[in-house]
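Student: Take this structure first; my questions come after.
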Amino acid sequence: ILKSDSRFRLFVGFQWLGGATLMALPFYFVAASQNDVAAADVGVLLGAQTIGALISNPFWAWIGDKKGKLSLLQTVVIVRTVPPLLVLVFLAANAGPFAFAVLFFAVGAMMNGVTIGYLGYLMEISPDDRRPAYSAYFNAMASPAALLPLFGAGLVSFVSIQVVFVAAILAALLQLVLLLRISRLAPKGTR
């Protein structure tokens, strides 16, 4: 499948870059704690993340249905840049709990967009008779990207926490480049 299907191959690379953007995920809590957000506020942050996830569902569904799966993925990538940009601003401004609640709201919305966009696009490019194989191969090849937070931990240990967020932004920008390549390969009517 990797040799014969260019869209699938690029989409696996796209997922790896997505994993690079998510390597920053655990460090949002670390950044909040550096700005005097107390452990008692973690429940508020997780609540904001859940609200962001729930409220964003109709938005993601509308984009996917009306604009297509590639447009949905493009929007998700743009939204992926918001949390790392916000945290860099909040760290510099020594922002408090309310600002970090906004950040976690954006993280929740982004994570739901990722799930909806990825699954929708994978189903769209998978031939009906080979959908289970495409799904299995995709998961096997893309799952190791979930270990990238370990790389992020190394960046935090040896450089700084800000570098993890900058790397997440750069990975999202590279995802946009891959989406442009994927869109050139997409059959008419699927963009």
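To be explicit about the labels: the chains of the structure tokens are called A, B, and onward in the order shown, and within each one the residues are counted from 1, while ligands get numbers from 1 in the order they are shown.
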Env of Phe98 in chain A: 12 Å cut, atoms = only C-alpha atoms, seq-sep filter 4 positions within chain, self excluded. Answer as a list of chain:residue names.
Tutor: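 Once the nearby chain positions are removed, what remains is A:Ala32, A:Asn35, A:Asp36, A:Val37, A:Ala38, A:Asp41, A:Val42, A:Val44, A:Leu45, A:Ala48, A:Phe90, A:Asn94, A:Val102, A:Leu103, A:Phe104, A:Phe105.
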Student: Quick one: everything within 10 Å of range 113-115 of chain A, counting only C-alpha atoms, minus sequence neighbours fewer than 2 positions away in the same chain. Send it as a list in words.
Tutor: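 The neighbour list is Gln15, Gly18, Ala53, Ser56, Asn57, Phe59, Trp60, Ala61, Gly64, Leu72, Leu73, Thr75, Val76, Val77, Val79, Arg80, Val107, Gly108, Ala109, Met110, Met111, Gly117, Tyr118, Leu119 and Gly120 of chain A.
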Student: Using only C-alpha atoms, determine which residues lie at most 12 Å from Arg131 in chain A, disregarding the query and same-chain residues fewer than 4 positions distant; provide the list as a list in words.
Tutor: Ile1, Phe8, Leu119, Tyr121, Leu122, Met123, Glu124, Ile125, Ser126, Pro127, Ser135, Ala136, Tyr137 and Phe138 of chain A
Student: I need the residues from that last selection saved to file as an mmCIF file, in the first residue's frame (with C-alpha atoms), if you can.
Tutor:
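Saved result, result.cif, follows:
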data_model
loop_
_atom_site.group_PDB
_atom_site.id
_atom_site.type_symbol
_atom_site.label_atom_id
_atom_site.label_comp_id
_atom_site.auth_asym_id
_atom_site.auth_seq_id
_atom_site.Cartn_x
_atom_site.Cartn_y
_atom_site.Cartn_z
ATOM 1 C CA ILE A 1 0.000 0.000 0.000
ATOM 2 C CA PHE A 8 -1.823 6.981 1.946
ATOM 3 C CA LEU A 119 -10.659 9.027 10.777
ATOM 4 C CA TYR A 121 -9.950 11.157 5.709
ATOM 5 C CA LEU A 122 -8.580 7.651 6.259
ATOM 6 C CA MET A 123 -12.007 6.195 5.458
ATOM 7 C CA GLU A 124 -12.251 8.443 2.396
ATOM 8 C CA ILE A 125 -8.950 7.291 0.865
ATOM 9 C CA SER A 126 -9.389 3.626 1.797
ATOM 10 C CA PRO A 127 -10.936 1.467 -0.926
ATOM 11 C CA SER A 135 -6.820 1.036 8.859
ATOM 12 C CA ALA A 136 -4.562 -1.661 10.311
ATOM 13 C CA TYR A 137 -1.510 -0.562 8.319
ATOM 14 C CA PHE A 138 -2.118 3.090 9.119
#
